[in-house]
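Novice: A single structure is presented below for examination.
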2 protein chains.
Amino acid sequence: MARRLGRLFKDVQRLVSLSSVNTPLSHPVIQAPVHRFTGGSVRTNFMRALKELPSALSSKPRDFSLPNSSWGPEMMRLYEHYNSQCEMETEGGEKQKGPWKRLPSYNRILKFATGGVYLSKIIQSKARLFTRNIRDPGAAFEYVLFVNSEEQKCVCIFQAGHLLEGPPGHVHGGAIATMIDTVTGTHATVLSGPVMTANLNINYRSPIPLGSTVLLESSLDKKEGRKTFISCKVTNADGSKVHSETTALFLSINVSHLLLGG
Amino acid sequence: MARRLGRLFKDVQRLVSLSSVNTPLSHPVIQAPVHRFTGGSVRTNFMRALKELPSALSSKPRDFSLPNSSWGPEMMRLYEHYNSQCEMETEGGEKQKGPWKRLPSYNRILKFATGGVYLSKIIQSKARLFTRNIRDPGAAFEYVLFVNSEEQKCVCIFQAGHLLEGPPGHVHGGAIATMIDTVTGTHATVLSGPVMTANLNINYRSPIPLGSTVLLESSLDKKEGRKTFISCKVTNADGSKVHSETTALFLSINVSHLLLGG
């Protein structure tokens with residue numbers, strides 16, 4: 001709590017210095033320098049300032065699947081294509097659920113999952129999801145997943161940043177495998193509950209230029225007891241070029257077993 | 001060159017401010033404030049200061065395969081095991097080449113490779129090798145590769161940092177695939193020259209706890225024309241537990257084709 005308040009104080013200071021330069025009247029509450037925050041009315045001002053800093057006190061995590069300034073035109077076009085099919089309008093003008101659903105994405109698996117409050121205590125607090133471990137927007141993995149329950153399909157729009165280099169000027173085979181594992185694994189989880197990757201068989205057809213946007217399409221092949229078989233194709237944004245084709249196998253697991261030693 | 005000098009100037013400034021606080025006499029050359037660096041004797045001092053800033057003017061890149069403070073006891077033990085076999089001592093006390101060779105590792109493929117001076121011009125200057133894109137030691141991929149030409153084997157000692165999380169408390173399947181691609185791809189390159197990954201078929205046997213050190217052992221299966229077939233096993237540090245088994249196929253390529261569009 002002390003650290004959170006410390007961070008908040010820094011945020012207020014930053015906002016003060018920014019507002020005094022750029023927007024002298026838009027944030028009247030924070031025109032007074034921070035060191036004058038000692039009296040009654042100043043406290044009121046301070047409390048009002050807090051309301052203007054939603055990120056500072058809010059425990060709501062950042063959803064990385066939402067657009068940011070690093071997303072290029074291809075990424076935005078594909079995002080809007082699928083996002084517009086998440087909620088449809090009927091002829092009568094009413095809104096209703098569409099065939100696709102956008103999946104939110106955080107940088108820590110358990111912290112924000114059901115039961116995470118308990119589980120996160122036994123895991124290193126510094127741990128971060130591999131695909132969301134770099135804060136700089138656009139530098140590494142920019143992606144968003146949509147799932148279509150009726151068609152048992154999942155798509156992922158992926159923009160590969162400059163920190164994912166493998167062969168000169170192209171995306172690392174491991175970064176491609178990482179996105180394939182992410183998409184097929186998420187899809188298998190949606191279909192079968194908690195799973196672990198048992199097999200990934202990836203055929204790389206053509207290299208992906210660094211900085212480009214590609215589409216990953218995942219579909220269910222079959223389910224057999226604890227096994228979920230998924231296929232995944234990676235193509236360029238308009239689907240005219242195949243970058244890779246994969247079959248993947250996932251095994252249903254009990255998460256508590258994983259936490260007690262796999 | 002201008003940027004390099006700018007960086008150097010900042011380094012000198014930092015060293016001046018540090019030395020004036022901490023070590024007033026140990027670096028006499030930099031006691032004079034930077035803005036006084038205008039006369040003859042000051043120039044001598046400045047040149048002497050440069051010699052004390054080896055990193056500032058040196059173009060020698062950092063070799064990430066050398067030990068750093070984040071390496072745990074398992075990582076160090078395995079490193080020393082293989083490193084001691086890179087140079088052996090004969091009975092007569094003479095030094096000679098051992099069966100293993102440590103491979104250096106940089107955070108950019110082309111910049112420091114033969115021909116890189118030309119090639120790097122046409123690739124984004126910000127690009128970094130995926131497995132070396134995080135500066136914080138120990139946070140992500142810590143690894144070192146050794147190759148044994150006679151036995152056509154390659155080993156990699158890999159310590160998985162907290163930013164590589166997939167399943168709660170365990171390494172992401174994509175991060176494991178990334179290391180497998182790195183080790184088998186490097187091995188194929190040593191054996192066959194420039195290659196691209198054509199297939200990775202990974203069987204995940206047991207999850208890898210975050211923070212642990214594992215061993216990747218890669219061996220040549222066969223070579224057929226442009227094809228190089230490699231196998232790779234990932235085990236825990238003492239080899240008693242198998243984490244994954246992989247077959248990989250690489251195709252020999254002409255790097256210039258890749259740069260002109262794959």
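Letters A, B, ... mark the chains of the structure tokens in the order given; residue numbers begin at 1 per chain; ligand numbers begin at 1, in order shown.
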Given a cut-off of 7 Å, which residues of chain A touch chain B, counting only C-alpha atoms, written out as a PyMOL selection string?

Specialist: chain A and resi 109-110+123+126-130+133+162-166+168-169+172-175+177-178+181+197-207+262

Novice: Generate the output file for the selected residues, N, CA, C and O atoms, as a CSV table (one decimal), in the first residue's frame.

Specialist:
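Generated file (out_37.csv):
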```
chain,number,residue,atom,x,y,z
A,109,ILE,N,-0.7,-14.8,-15.9
A,109,ILE,CA,-1.9,-15.7,-16.0
A,109,ILE,C,-2.7,-15.8,-14.8
A,109,ILE,O,-3.9,-15.6,-14.8
A,110,LEU,N,-2.1,-16.0,-13.6
A,110,LEU,CA,-2.9,-16.3,-12.4
A,110,LEU,C,-3.4,-15.1,-11.6
A,110,LEU,O,-4.4,-15.2,-11.0
A,123,ILE,N,3.8,-18.3,-6.2
A,123,ILE,CA,4.6,-18.1,-7.4
A,123,ILE,C,5.3,-16.8,-7.4
A,123,ILE,O,4.8,-15.8,-6.8
A,126,LYS,N,7.5,-11.7,-9.5
A,126,LYS,CA,8.0,-11.0,-10.7
A,126,LYS,C,7.7,-11.7,-12.0
A,126,LYS,O,7.9,-11.2,-13.1
A,127,ALA,N,7.1,-12.9,-12.0
A,127,ALA,CA,6.8,-13.7,-13.2
A,127,ALA,C,5.8,-12.9,-14.1
A,127,ALA,O,4.9,-12.3,-13.6
A,128,ARG,N,6.1,-13.0,-15.4
A,128,ARG,CA,5.2,-12.4,-16.4
A,128,ARG,C,5.0,-13.3,-17.6
A,128,ARG,O,6.0,-14.1,-17.9
A,129,LEU,N,3.9,-13.3,-18.2
A,129,LEU,CA,3.6,-14.1,-19.3
A,129,LEU,C,4.6,-13.8,-20.4
A,129,LEU,O,4.8,-12.6,-20.8
A,130,PHE,N,5.2,-14.8,-21.0
A,130,PHE,CA,6.3,-14.7,-22.0
A,130,PHE,C,5.9,-13.8,-23.1
A,130,PHE,O,6.7,-12.9,-23.5
A,133,ASN,N,5.8,-9.8,-22.0
A,133,ASN,CA,6.9,-9.4,-21.0
A,133,ASN,C,7.6,-8.1,-21.4
A,133,ASN,O,8.5,-7.7,-20.6
A,162,HIS,N,10.2,-5.5,-33.8
A,162,HIS,CA,11.6,-5.6,-34.1
A,162,HIS,C,12.4,-6.4,-33.1
A,162,HIS,O,13.6,-6.8,-33.4
A,163,LEU,N,11.9,-6.7,-32.0
A,163,LEU,CA,12.7,-7.5,-31.0
A,163,LEU,C,12.5,-9.0,-31.2
A,163,LEU,O,13.0,-9.8,-30.3
A,164,LEU,N,11.8,-9.4,-32.2
A,164,LEU,CA,11.5,-10.8,-32.4
A,164,LEU,C,12.4,-11.4,-33.6
A,164,LEU,O,12.1,-12.4,-34.1
A,165,GLU,N,13.5,-10.8,-33.9
A,165,GLU,CA,14.3,-11.2,-35.0
A,165,GLU,C,15.0,-12.6,-34.8
A,165,GLU,O,15.5,-13.0,-33.8
A,166,GLY,N,14.9,-13.4,-35.9
A,166,GLY,CA,15.7,-14.6,-36.0
A,166,GLY,C,16.6,-14.5,-37.2
A,166,GLY,O,17.6,-13.8,-37.1
A,168,PRO,N,18.0,-12.8,-40.5
A,168,PRO,CA,18.1,-11.4,-40.8
A,168,PRO,C,16.8,-10.8,-41.3
A,168,PRO,O,16.4,-11.2,-42.4
A,169,GLY,N,16.3,-9.8,-40.6
A,169,GLY,CA,15.1,-9.2,-41.1
A,169,GLY,C,13.8,-9.9,-41.0
A,169,GLY,O,12.7,-9.5,-41.5
A,172,HIS,N,11.9,-14.8,-35.8
A,172,HIS,CA,12.5,-16.0,-35.2
A,172,HIS,C,11.5,-17.2,-35.3
A,172,HIS,O,10.3,-17.0,-34.9
A,173,GLY,N,12.0,-18.3,-35.7
A,173,GLY,CA,11.1,-19.5,-35.7
A,173,GLY,C,10.5,-19.8,-34.3
A,173,GLY,O,9.4,-20.3,-34.2
A,174,GLY,N,11.2,-19.5,-33.2
A,174,GLY,CA,10.7,-19.7,-31.9
A,174,GLY,C,9.6,-18.7,-31.5
A,174,GLY,O,8.7,-19.0,-30.8
A,175,ALA,N,9.7,-17.5,-32.1
A,175,ALA,CA,8.6,-16.5,-31.8
A,175,ALA,C,7.3,-16.9,-32.6
A,175,ALA,O,6.2,-16.7,-32.0
A,177,ALA,N,6.6,-20.1,-33.3
A,177,ALA,CA,6.1,-21.3,-32.5
A,177,ALA,C,5.4,-20.8,-31.2
A,177,ALA,O,4.4,-21.4,-30.8
A,178,THR,N,5.9,-19.7,-30.6
A,178,THR,CA,5.3,-19.1,-29.4
A,178,THR,C,3.9,-18.7,-29.7
A,178,THR,O,3.0,-18.9,-28.9
A,181,ASP,N,1.7,-21.8,-30.3
A,181,ASP,CA,1.4,-22.4,-29.0
A,181,ASP,C,0.3,-21.6,-28.2
A,181,ASP,O,-0.6,-22.2,-27.6
A,197,THR,N,0.4,-28.3,-23.4
A,197,THR,CA,0.9,-28.7,-24.7
A,197,THR,C,1.6,-30.0,-24.6
A,197,THR,O,2.5,-30.2,-23.8
A,198,ALA,N,1.2,-31.0,-25.4
A,198,ALA,CA,1.9,-32.3,-25.5
A,198,ALA,C,2.7,-32.4,-26.7
A,198,ALA,O,3.8,-33.0,-26.7
A,199,ASN,N,2.2,-31.9,-27.8
A,199,ASN,CA,3.0,-31.9,-29.1
A,199,ASN,C,2.7,-30.7,-30.0
A,199,ASN,O,1.5,-30.3,-30.1
A,200,LEU,N,3.7,-30.2,-30.6
A,200,LEU,CA,3.6,-29.2,-31.6
A,200,LEU,C,4.4,-29.7,-32.8
A,200,LEU,O,5.6,-30.0,-32.7
A,201,ASN,N,3.8,-29.8,-33.9
A,201,ASN,CA,4.5,-30.2,-35.2
A,201,ASN,C,4.3,-29.1,-36.2
A,201,ASN,O,3.2,-29.0,-36.8
A,202,ILE,N,5.3,-28.3,-36.3
A,202,ILE,CA,5.2,-27.1,-37.1
A,202,ILE,C,6.0,-27.2,-38.4
A,202,ILE,O,7.2,-27.5,-38.4
A,203,ASN,N,5.3,-27.0,-39.6
A,203,ASN,CA,6.0,-26.9,-40.9
A,203,ASN,C,6.1,-25.5,-41.3
A,203,ASN,O,5.1,-24.8,-41.5
A,204,TYR,N,7.3,-25.0,-41.3
A,204,TYR,CA,7.6,-23.6,-41.7
A,204,TYR,C,7.7,-23.6,-43.2
A,204,TYR,O,8.5,-24.2,-43.8
A,205,ARG,N,6.7,-22.8,-43.9
A,205,ARG,CA,6.7,-22.8,-45.4
A,205,ARG,C,7.4,-21.6,-45.9
A,205,ARG,O,8.1,-21.6,-47.0
A,206,SER,N,7.3,-20.4,-45.3
A,206,SER,CA,8.0,-19.2,-45.8
A,206,SER,C,8.2,-18.2,-44.6
A,206,SER,O,7.4,-18.1,-43.7
A,207,PRO,N,9.3,-17.5,-44.7
A,207,PRO,CA,9.7,-16.7,-43.5
A,207,PRO,C,8.7,-15.5,-43.4
A,207,PRO,O,8.2,-15.0,-44.4
A,262,GLY,N,5.0,-30.7,-11.5
A,262,GLY,CA,4.5,-31.4,-12.7
A,262,GLY,C,5.2,-32.7,-12.9
A,262,GLY,O,6.3,-32.9,-12.4
```

Novice: Could you name the residues that touch Lys223 (chain A) at 10 Å or less, counting only C-alpha atoms, but leaving out those on the same chain fewer than 5 positions away, as a VMD selection string?

Specialist: chain A and resid 188 191 to 192 228 to 230 249 to 250

Novice: Take the residues that were just selected and, keeping N, CA, C and O atoms, output them as a PDB file, in the first residue's frame.

Specialist:
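This is the output file result-v2.pdb:
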```pdb
ATOM      1  N   ALA A 188      -7.632 -24.631 -27.295  1.00  0.00           N
ATOM      2  CA  ALA A 188      -7.863 -25.911 -26.604  1.00  0.00           C
ATOM      3  C   ALA A 188      -8.459 -25.673 -25.219  1.00  0.00           C
ATOM      4  O   ALA A 188      -9.336 -26.415 -24.772  1.00  0.00           O
ATOM      5  N   LEU A 191     -12.063 -24.925 -25.485  1.00  0.00           N
ATOM      6  CA  LEU A 191     -12.831 -26.131 -25.833  1.00  0.00           C
ATOM      7  C   LEU A 191     -12.856 -27.177 -24.718  1.00  0.00           C
ATOM      8  O   LEU A 191     -13.840 -27.879 -24.537  1.00  0.00           O
ATOM      9  N   SER A 192     -11.728 -27.291 -23.969  1.00  0.00           N
ATOM     10  CA  SER A 192     -11.584 -28.433 -23.053  1.00  0.00           C
ATOM     11  C   SER A 192     -11.218 -28.073 -21.623  1.00  0.00           C
ATOM     12  O   SER A 192     -10.939 -28.962 -20.818  1.00  0.00           O
ATOM     13  N   THR A 228      -6.981 -33.146 -26.952  1.00  0.00           N
ATOM     14  CA  THR A 228      -7.613 -32.204 -27.879  1.00  0.00           C
ATOM     15  C   THR A 228      -6.630 -31.949 -29.021  1.00  0.00           C
ATOM     16  O   THR A 228      -5.496 -31.523 -28.776  1.00  0.00           O
ATOM     17  N   PHE A 229      -7.044 -32.252 -30.252  1.00  0.00           N
ATOM     18  CA  PHE A 229      -6.192 -32.082 -31.434  1.00  0.00           C
ATOM     19  C   PHE A 229      -6.615 -30.816 -32.182  1.00  0.00           C
ATOM     20  O   PHE A 229      -7.781 -30.667 -32.532  1.00  0.00           O
ATOM     21  N   ILE A 230      -5.656 -29.956 -32.424  1.00  0.00           N
ATOM     22  CA  ILE A 230      -5.924 -28.659 -33.065  1.00  0.00           C
ATOM     23  C   ILE A 230      -4.995 -28.482 -34.272  1.00  0.00           C
ATOM     24  O   ILE A 230      -3.844 -28.933 -34.240  1.00  0.00           O
ATOM     25  N   LEU A 249      -1.244 -31.047 -30.188  1.00  0.00           N
ATOM     26  CA  LEU A 249      -1.990 -31.935 -29.279  1.00  0.00           C
ATOM     27  C   LEU A 249      -1.895 -31.379 -27.858  1.00  0.00           C
ATOM     28  O   LEU A 249      -0.801 -31.039 -27.387  1.00  0.00           O
ATOM     29  N   PHE A 250      -3.048 -31.309 -27.214  1.00  0.00           N
ATOM     30  CA  PHE A 250      -3.090 -30.819 -25.828  1.00  0.00           C
ATOM     31  C   PHE A 250      -3.715 -31.871 -24.920  1.00  0.00           C
ATOM     32  O   PHE A 250      -4.622 -32.587 -25.336  1.00  0.00           O
TER      33      PHE A 250
END
```

Novice: Please measure the separation of CA of Tyr143 (chain B) and CA of Asp136 (chain A), giving the value in Å to one decimal.

Specialist: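 Calculated distance between CA of Tyr143 (chain B) and CA of Asp136 (chain A) is 24.1 Å.
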
Novice: Restricting the calculation to only C-alpha atoms: of B:Trp100, B:Leu145, B:Met88, B:Pro73, which residue gets closest to Ile157 (chain B)?

Specialist: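 With only C-alpha atoms as the atom set, the closest residue is B:Leu145.
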